[in-house]
Each structure stands twice: as C-alpha cells, then as structure tokens.
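Q: This is the structure I have questions about; it appears just below.
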Amino acid sequence: MAISCNLLMAGAACTAADYYTIRGGVPNSQYFLKNDRVGNQYLFFIGNSVLAGTGLKNKNLRYSRQMVEGLKKHFPKAGMRETRHMYPGGSWFGLYRCSKGQAVFGEVICSGHLAILDFAAEDRNVDIDQAKTSLEGVVRQITRYRATHSRILVYTLTPEMLQAYKAGKTPEYIAVSEQIANHYGVPSLNLAKYAANKIIAGEISFKAFSSDGINPTDAGARIYAEAVAAFMDALMTAFPVPEKAQKYALPAPLFPETNDNGRIVAYEDPIVKRTGSWKPGQASPIGPFRHLLVSEEPGATVSLTFKGSEIGILDVVDGDSASYEYAVDGAAFQVLPLPDSDDLAGPTMRPISLVKGLGRTAEHELTLKVASPGTAKLGGFLLNGSTAYAYAGMNTLQRIDAIYAAMDPITYAPSKDRFANIPKTMDKLRNGGELRMVLLGDSIMGNTSNSSFELLLMRNYPKCKIAKVTSLRSSTGCNYYQDDNRVEHYVLRHKPDLLVIGGISNRGDYRAVQSVIKQVRAKKRD
C-alpha cells in the first residue's frame with residue numbers, strides 16, 4: 001500500500017513552510033516509536049561532517065541530535081539510537097553504502113525504521129545528472145531493502161547555495177532533490193534556505209554562520225536547531241499514529257537512467273577470480289575496512305563477471321600503493337592513476353568509478369591488473385547491478401562445504417573435557433532423540449542461526465535430530481533478558497534442552513548472563 005498525502009489526510013497534512021515540506025510524513029516511524037518494544041530504535045543518518053557536529057564546541061547542537069530530541073518530545077518513552085555514517089563520495093557512494101545486501105567492509109546497512117539523508121555538501125561539485133540519479137537510487141534502494149522504512153531528505157547550506165539564494169534562484173541540486181521528494185512522498189527539510197534567509201536578512205554573517213563554508217559554528221547550529229524544532233513538531237503532528245506500519249509502494253523511477261541496484265561485492269565472493277600472487281584477509285591500516293586483498297606482484301589480476309550499468313572499486317591508497325590498469329569486456333587496458341602523494345595524509349579509502357553507462361542486462365567482465373611496483377590493497381568492487389550466485393543448484397550442506405573449502409584451515413586443539421558441562425546434550429547427540437536448542441541474543445545470533453550449523457552437527461551425530469529455535473531481539477543482551485521474567489517468553493516456552501547465549505550486546509555484563517542461566521536452571525527444575 002502506498003502512503004501519500006491524499007490517502008492519509010486528504011492533502012491536509014501536506015503542509016509546507018518556506019523551508020520544509022511534510023508530504024507523506026513518517027507515519028511508520030511514529031508507529032514504531034509509539035509501540036517500541038525494543039527500547040533501542042535506530043535512526044540512520046547518512047551524509048557528511050555536519051552530522052557529526054564538526055567544529056562545534058557544543059556537539060549536542062548538531063542537527064542530527066536536535067532531530068532525535070524532536071522525536072523524543074513526542075515519544076518520550078521510546079528508546080532511540082542515533083547512528084551517523086559519514087564517508088566521502090556523496091550520494092554516489094551512498095548508493096553502494098546503503099546496499100540491500102551484506103555490508104562487506106564494516107559499513108552498516110540501512111537498518112532501523114527511519115533514514116535521514118543529507119548529501120548536499122558532498123554533492124556540491126558533482127555533475128547534477130550523477131547526483132540526481134544517485135540520490136534517487138539511494139531512496140529507492142532503502143525502500144527496497146525494507147518497504148516500511150521512513151525517509152527524510154535534508155539539505156544543509158553550501159557557498160554555492162547561498163549565492164543562488166542571494167540571486168533569487170533555487171539551487172539546482174535542491175530543485176532536483178525536491179523533484180525526487182515529491183515523486184516518492186518524502187518529507188524534506190531545507191536547512192540551507194532557512195539559514196540563507198537569516199544571512200540575507202543580515203541577522204548573521206556567513207562567516208559567523210560557518211567558518212569553513214560547510215560546517216556551522218555554534219551560532220550557525222542554533223539557527224539549524226530552530227528550523228529542526230519547527231519541522232519535527234510539524235512532522236510528528238501531521239498524521240495520526242497508524243494502527244500498523246504500511247509498506248511503501250515504489251513507483252517507476254523518476255529518471256529513466258536511475259539504477260537502484262548498488263552493492264559492494266566482497267573480494268572473497270567466489271565469483272571473483274584471481275591470477276598471480278594475492279594475499280586475502282590482510283589487516284587494513286584504516287577503518288571501516290576490516291581486511292583487504294593484497295598483492296605486490298605486477299601483472300597479478302582480479303576479475304569479476306557481472307550484469308549492470310556501472311562498475312568501480314573500493315580500495316586503500318597510500319604512499320606505497322601500486323597502480324592499476326583495468327579493462328571491461330576485453331577492451332584495451334586503461335591506467336587508473338594513483339592520487340598525488342601530496343594529497344594523502346596517510347592511508348585513504350578510495351571509492352572510484354571505472355566505467356559507467358554499460359548495458360544493464362548484458363553480461364560484462366572487469367579485469368583489474370596490478371600495474372606497478374608497490375602494494376595493491378583491494379577492499380571490494382562497487383557494482384550497480386548483479387552477479388551470478390556462485391552456489392546455485394547446491395543444497396545447504398553443499399554450500400557450507402563449498403564455502404569452507406575456499407577458506408584457510410583453522411588450527412584448533414579442543415580441550416579433552418570440553419563436553420563435561422553438557423552431558424545431557426552429548427547423550428542425545430551420540431545416542432539419538434531430539435535435541436531442542438535455543439539460541440538467545442541479538443542479530444549476531446540470528447546470523448549464527450542462519451549459518452545452519454545444526455546441519456553439520458546432525459551430519460556428525462546422525463542419530464540425533466536437532467530442533468533449533470532462534471530467540472532474539474536486535475541489539476539486546478542478557479541485561480534485558482534477565483528482568484521481568486523475560487526468560488519465560490524468550491527461553492522457557494521453547495522447552496530447550498540446550499540454551500546457547502551469544503552475540504555482541506551483553507556489554508561485558510557477565511552477572512546478567514549468570515542471572516539468565518540461574519533463572520533458566522531454577523525454572524527448569526520447577
């Protein structure tokens with residue numbers, strides 16, 4: 001079901017001030033905040049340094065924090081977590097960072113229920129045709145990832161925008177962004193116009209508003225805060241809280257050339273082929289990369305077969321980097337030059353497009369070759385398209401075996417008494433029967449469950465049937481499960497023979513883990 005002003009409030013809620021428009025609002029977020037059962041609602045901000053409050057003496061003045069405060073004013077009982085993601089590349093790189101697939105280099109996909117997008121500063125020197133198709137692609141991709149996801153577009157002030165407003169014109173970037181916002185019914189907050197009006201009226205100079213032209217001073221941030229407060233009040237009162245969240249229906253793209261299939265293809269993906277000497281899993285000198293594919297051999301290659309409109313790479317460059325050559329579809333190799341060493345303060349993440357405008361439905365192949373002495377440090381491929389599934393036609397166990405076969409073996413000497421504390425579990429595994437296993441924790445335990453490790457156990461212990469129950473809440477550990485008899489709902493009602501507690505959300509609180517274990521044991525005896 002599409003949510004629009006006409007459907008929800010017969011146009012009454014499509015309110016607009018000089019600097020904001022509510023359009024379809026964020027009723028799904030209102031629903032999730034009102035019915036908060038997690039106590040940790042994620043608000044996903046993606047953009048630039050303004051989000052972090054760069055240059056502010058009072059970091060709480062950053063507009064992202066002010067937006068959270070605006071939500072808390074209307075939903076004081078809801079727990080909220082503000083997550084900010086700020087890397088170079090503007091909306092173009094945002095299209096890959098907001099991938100619906102796995103985040104392969106430490107980035108967080110757009111989780112939660114509300115995405116606030118602010119690419120104005122990073123898009124200021126980008127060709128407008130690229131900016132508009134990238135921004136539309138991001139909006140579409142977020143919705144494709146989770147159809148109930150609410151979205152807000154924010155525009156912060158740049159020197160170019162101020163000049164346009166002084167000339168009585170709407171900045172081109174804001175004009176096309178508003179086209180996108182109208183097409184998808186997305187609320188927009190034009191902080192740039194609000195601040196420009198103050199500067200043009202002589203209430204504050206541009207230098208006093210921002211010392212670098214992009215990041216506001218504390219005085220400038222207070223101006224943003226005024227606009228945010230009014231916008232959030234209007235946004236939260238435009239529509240009543242719905243009885244349930246509704247899915248947003250995606251219309252056809254506003255711009256025919258828009259492609260919303262951005263993803264980061266990991267170098268570990270078996271679809272990626274290598275020749276020559278490459279070392280996978282090498283420690284990265286910088287975040288957000290966790291590890292890199294490294295080569296010091298000129299002539300070594302990696303190649304990727306794909307379908308899609310654009311292909312690029314994501315790597316780390318520094319003063320010791322090797323240069324690349326690349327070719328698509330058998331064409332002559334082209335040189336990908338390294339950045340000037342004077343422009344590198346140290347190891348730097350480099351997201352870069354190699355080829356655009358490819359046929360979306362045709363199959364293509366990129367070959368990337370180490371072309372000079374030095375060290376190539378590859379993180380992954382930036383693909384606006386798709387790749388073939390390397391494990392097509394395999395059942396789950398066959399896929400697991402294929403994945404393990406490609407991994408470096410782990411040397412592990414298990415303790416001889418490792419089963420001493422789970423005698424009943426081992427009895428069922430060895431001698432047969434059903435073993436009911438409950439996995440308790442957070443989304444990491446969900447990922448653990450999705451690995452289907454129980455199939456390996458049943459292959460090793462063929463007499464036993466394992467009934468696996470995944471019982472979890474996002475970002476939740478035993479400090480939550482231990483209270484208010486929650487072990488009844490999350491553990492005991494599943495009648496476990498074995499309880500497995502895990503994840504990354506226990507926060508080192510071993511006493512909370514002990515409490516859950518003691519409660520389960522006591523109630524099981526009862």
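Ordered as shown in the structure tokens, chains take letters A, B, and onward, while each chain numbers its residues from 1 and ligands are numbered from 1 in the order shown.
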With only C-alpha atoms as the counted atoms, please give the residues lying no more than 7 Å from Val469 of chain A, apart from itself and same-chain residues fewer than 2 positions off, as a PyMOL selection string.
A: chain A and resi 437-439+467+471
Q: Please save all heavy atoms of the selected residues as an mmCIF file, in the first residue's frame.
A:
data_model
loop_
_atom_site.group_PDB
_atom_site.id
_atom_site.type_symbol
_atom_site.label_atom_id
_atom_site.label_comp_id
_atom_site.auth_asym_id
_atom_site.auth_seq_id
_atom_site.Cartn_x
_atom_site.Cartn_y
_atom_site.Cartn_z
ATOM 1 N N MET A 437 17.345 -26.903 20.856
ATOM 2 C CA MET A 437 18.399 -25.915 21.093
ATOM 3 C C MET A 437 17.831 -24.518 20.906
ATOM 4 O O MET A 437 17.269 -24.200 19.861
ATOM 5 C CB MET A 437 19.547 -26.148 20.106
ATOM 6 C CG MET A 437 20.707 -25.164 20.230
ATOM 7 S SD MET A 437 21.923 -25.356 18.878
ATOM 8 C CE MET A 437 22.421 -27.054 19.110
ATOM 9 N N VAL A 438 17.959 -23.657 21.920
ATOM 10 C CA VAL A 438 17.503 -22.269 21.839
ATOM 11 C C VAL A 438 18.716 -21.355 21.767
ATOM 12 O O VAL A 438 19.597 -21.406 22.635
ATOM 13 C CB VAL A 438 16.615 -21.891 23.040
ATOM 14 C CG1 VAL A 438 16.312 -20.393 23.037
ATOM 15 C CG2 VAL A 438 15.318 -22.688 23.007
ATOM 16 N N LEU A 439 18.758 -20.496 20.733
ATOM 17 C CA LEU A 439 19.817 -19.500 20.572
ATOM 18 C C LEU A 439 19.278 -18.164 21.044
ATOM 19 O O LEU A 439 18.333 -17.620 20.462
ATOM 20 C CB LEU A 439 20.255 -19.403 19.111
ATOM 21 C CG LEU A 439 21.300 -20.410 18.616
ATOM 22 C CD1 LEU A 439 20.794 -21.837 18.760
ATOM 23 C CD2 LEU A 439 21.654 -20.140 17.156
ATOM 24 N N ALA A 467 16.305 -29.642 16.857
ATOM 25 C CA ALA A 467 15.263 -28.643 16.636
ATOM 26 C C ALA A 467 15.798 -27.313 17.147
ATOM 27 O O ALA A 467 15.936 -27.111 18.355
ATOM 28 C CB ALA A 467 13.981 -29.029 17.357
ATOM 29 N N SER A 471 15.815 -17.187 19.278
ATOM 30 C CA SER A 471 15.029 -16.290 20.112
ATOM 31 C C SER A 471 15.858 -15.044 20.383
ATOM 32 O O SER A 471 16.831 -15.084 21.144
ATOM 33 C CB SER A 471 14.649 -16.983 21.428
ATOM 34 O OG SER A 471 13.820 -16.173 22.221
#
Q: Taking the chain letters and numbering used in this document, name the residues of segment 340-384 of chain A that DSSP puts in strand (DSSP E or B), as JSON, numbers by chain.
A: {"A": [348, 349, 350, 351, 352, 353, 354, 355, 363, 364, 365, 366, 367, 368, 369, 370, 375, 376, 377, 378, 379, 380, 381, 382, 383, 384]}
Q: Find the spatial neighbours of segment 510-516 of chain A, counting only C-alpha atoms, within a cut-off of 8 Å - ignore same-chain residues fewer than 6 positions away - and output them as a CSV table (one decimal) with N, CA, C and O atoms, in the first residue's frame.
A:
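Now in part03.csv:
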chain,number,residue,atom,x,y,z
A,478,CYS,N,21.8,-10.0,27.7
A,478,CYS,CA,21.2,-10.6,29.0
A,478,CYS,C,20.8,-9.5,30.0
A,478,CYS,O,20.0,-9.8,30.9
A,479,ASN,N,21.3,-8.3,29.9
A,479,ASN,CA,20.9,-7.3,30.8
A,479,ASN,C,19.4,-6.9,30.6
A,479,ASN,O,18.8,-6.3,31.5
A,481,TYR,N,17.3,-9.5,29.1
A,481,TYR,CA,16.6,-10.8,29.2
A,481,TYR,C,16.4,-11.2,30.7
A,481,TYR,O,15.5,-12.0,31.1
A,482,GLN,N,17.3,-10.7,31.6
A,482,GLN,CA,17.3,-11.2,33.0
A,482,GLN,C,16.1,-10.6,33.8
A,482,GLN,O,15.8,-11.1,34.8
A,487,VAL,N,12.8,-14.5,30.8
A,487,VAL,CA,13.3,-15.8,30.4
A,487,VAL,C,12.1,-16.8,30.1
A,487,VAL,O,12.3,-17.7,29.3
Q: Give me every helix (DSSP H, G or I) residue in segment 280-413 of chain A, going by DSSP on the backbone, as a VMD selection string.
A: chain A and resid 341 to 343 396 to 405
Q: Go ahead and write the selection's residues with C-alpha atoms as a PDB file, in the first residue's frame.
A:
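Written output follows (part.pdb):
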ATOM      1  CA  SER A 341      51.141  11.604  -2.747  1.00  0.00           C
ATOM      2  CA  ASP A 342      50.962  15.214  -1.522  1.00  0.00           C
ATOM      3  CA  ASP A 343      47.177  14.783  -1.252  1.00  0.00           C
ATOM      4  CA  THR A 396      22.554 -26.006   2.195  1.00  0.00           C
ATOM      5  CA  LEU A 397      25.158 -28.572   3.213  1.00  0.00           C
ATOM      6  CA  GLN A 398      26.793 -28.456  -0.203  1.00  0.00           C
ATOM      7  CA  ARG A 399      27.000 -24.655   0.046  1.00  0.00           C
ATOM      8  CA  ILE A 400      28.551 -24.893   3.516  1.00  0.00           C
ATOM      9  CA  ASP A 401      31.125 -27.384   2.272  1.00  0.00           C
ATOM     10  CA  ALA A 402      31.958 -25.212  -0.738  1.00  0.00           C
ATOM     11  CA  ILE A 403      32.424 -22.138   1.443  1.00  0.00           C
ATOM     12  CA  TYR A 404      34.652 -23.976   3.915  1.00  0.00           C
ATOM     13  CA  ALA A 405      36.700 -25.478   1.095  1.00  0.00           C
TER      14      ALA A 405
END
Q: Have a look at A:Arg151, A:Lys169, A:His364, A:Arg436 and name the one nearest to Gly24 of chain A; count only C-alpha atoms.
A: A:Arg151
Q: Which of these residues is nearest to Gly379 of chain A, using only C-alpha atoms: A:Glu203, A:Glu243, A:Asp315, A:Glu257?
A: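 Residue with the minimum atom-to-atom distance to Gly379 of chain A: A:Asp315.
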Q: Taking into account only C-alpha atoms, which residue in the set A:Val317, A:Leu250, A:Val186, A:Leu162 is nearest to Phe209 of chain A?
A: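 Going through A:Val317, A:Leu250, A:Val186, A:Leu162 one by one, the smallest distance to Phe209 of chain A is for A:Leu162.
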Q: Could you name the residues that touch Thr158 of chain A at 9 Å or less, counting only C-alpha atoms, but leaving out those on the same chain fewer than 2 positions away, as a list in words?
A: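 Surrounding residues, per the criterion: Ala120, Ala121, Arg124, Thr156, Glu160, Met161, Leu162, Gln163, Ala192, Gly213, Ile214 and Asn215 of chain A.
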Q: Just checking: using only C-alpha atoms, which residue out of A:Met236, A:Val154, A:Ala390, A:Leu191 ends up closest to Ser29 of chain A?
A: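 Closest to Ser29 of chain A, using only C-alpha atoms: A:Met236.
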Q: Distance atom CA of Ile410 of chain A-atom CA of Ser475 of chain A, one decimal place?
A: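 Value for the atom CA of Ile410 of chain A-atom CA of Ser475 of chain A distance: 29.1 Å.
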Q: Just checking: using only C-alpha atoms, which residue out of A:Met445, A:Leu472, A:Ile264, A:Val26 ends up closest to Ala245 of chain A?
A: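 Residue with the minimum atom-to-atom distance to Ala245 of chain A: A:Val26.
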Q: Go through A:Leu254, A:Val491, A:Ala327, A:Ile199 one by one, measure the shortest atom-to-atom distance of each to Lys523 of chain A using only C-alpha atoms, and give the residue with the smallest value.
A: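 Closest candidate: A:Val491.
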Q: With 12 Å as the cut-off and only C-alpha atoms counted, what is the closest atom pair between each nearby residue of segment 11-94 of chain A and segment 381-384 of chain A? Distances in Å to one decimal, ordered by chain and number, as a tab-separated table.
A:
residue	atom	partner	partner_atom	distance
A:Trp92	CA	A:Leu382	CA	10.4
A:Phe93	CA	A:Leu382	CA	8.7
A:Gly94	CA	A:Leu382	CA	11.0
Q: Take the residues from that selection and put them in a file with N, CA, C and O atoms, as a compact mmCIF listing (two decimals), in the first residue's frame.
A:
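What follows is the written file selection_12.txt:
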# COMPACT_ATOMS: atom_id res chain seq x y z
N TRP A 92 26.51 9.34 -4.57
CA TRP A 92 27.00 8.25 -5.42
C TRP A 92 27.51 7.09 -4.57
O TRP A 92 27.10 5.95 -4.76
N PHE A 93 28.38 7.37 -3.61
CA PHE A 93 28.88 6.30 -2.75
C PHE A 93 27.78 5.82 -1.80
O PHE A 93 27.74 4.66 -1.41
N GLY A 94 26.87 6.74 -1.45
CA GLY A 94 25.74 6.34 -0.62
C GLY A 94 24.93 5.24 -1.23
O GLY A 94 24.38 4.37 -0.54
Q: Residues near Gly502 of chain A, anyone? I mean within 9 Å using only C-alpha atoms, not counting same-chain ones fewer than 5 positions away, as a list in words.
A: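 Contacts, in chain order: Leu439, Leu440, Gly441, Asp442, Ile444, Met445 and Gly477 of chain A.
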Q: Take the residues from that selection and write them out as an mmCIF file, in the first residue's frame, keeping N, CA, C and O atoms.
A:
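What follows is the written file again-v5.cif:
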data_model
loop_
_atom_site.group_PDB
_atom_site.id
_atom_site.type_symbol
_atom_site.label_atom_id
_atom_site.label_comp_id
_atom_site.auth_asym_id
_atom_site.auth_seq_id
_atom_site.Cartn_x
_atom_site.Cartn_y
_atom_site.Cartn_z
ATOM 1 N N LEU A 439 18.758 -20.496 20.733
ATOM 2 C CA LEU A 439 19.817 -19.500 20.572
ATOM 3 C C LEU A 439 19.278 -18.164 21.044
ATOM 4 O O LEU A 439 18.333 -17.620 20.462
ATOM 5 N N LEU A 440 19.857 -17.619 22.107
ATOM 6 C CA LEU A 440 19.387 -16.384 22.724
ATOM 7 C C LEU A 440 20.403 -15.274 22.508
ATOM 8 O O LEU A 440 21.591 -15.461 22.766
ATOM 9 N N GLY A 441 19.934 -14.109 22.080
ATOM 10 C CA GLY A 441 20.865 -12.996 21.923
ATOM 11 C C GLY A 441 20.328 -11.903 21.025
ATOM 12 O O GLY A 441 19.158 -11.547 21.103
ATOM 13 N N ASP A 442 21.217 -11.409 20.127
ATOM 14 C CA ASP A 442 20.908 -10.281 19.261
ATOM 15 C C ASP A 442 20.968 -10.707 17.805
ATOM 16 O O ASP A 442 20.903 -11.894 17.495
ATOM 17 N N ILE A 444 23.396 -10.853 15.858
ATOM 18 C CA ILE A 444 24.547 -11.708 15.581
ATOM 19 C C ILE A 444 24.171 -13.177 15.784
ATOM 20 O O ILE A 444 24.603 -14.062 15.025
ATOM 21 N N MET A 445 23.357 -13.435 16.783
ATOM 22 C CA MET A 445 22.877 -14.809 16.969
ATOM 23 C C MET A 445 21.934 -15.206 15.839
ATOM 24 O O MET A 445 21.843 -16.375 15.471
ATOM 25 N N GLY A 477 20.954 -7.835 24.913
ATOM 26 C CA GLY A 477 21.734 -8.825 25.640
ATOM 27 C C GLY A 477 21.039 -9.263 26.909
ATOM 28 O O GLY A 477 19.873 -8.923 27.171
#
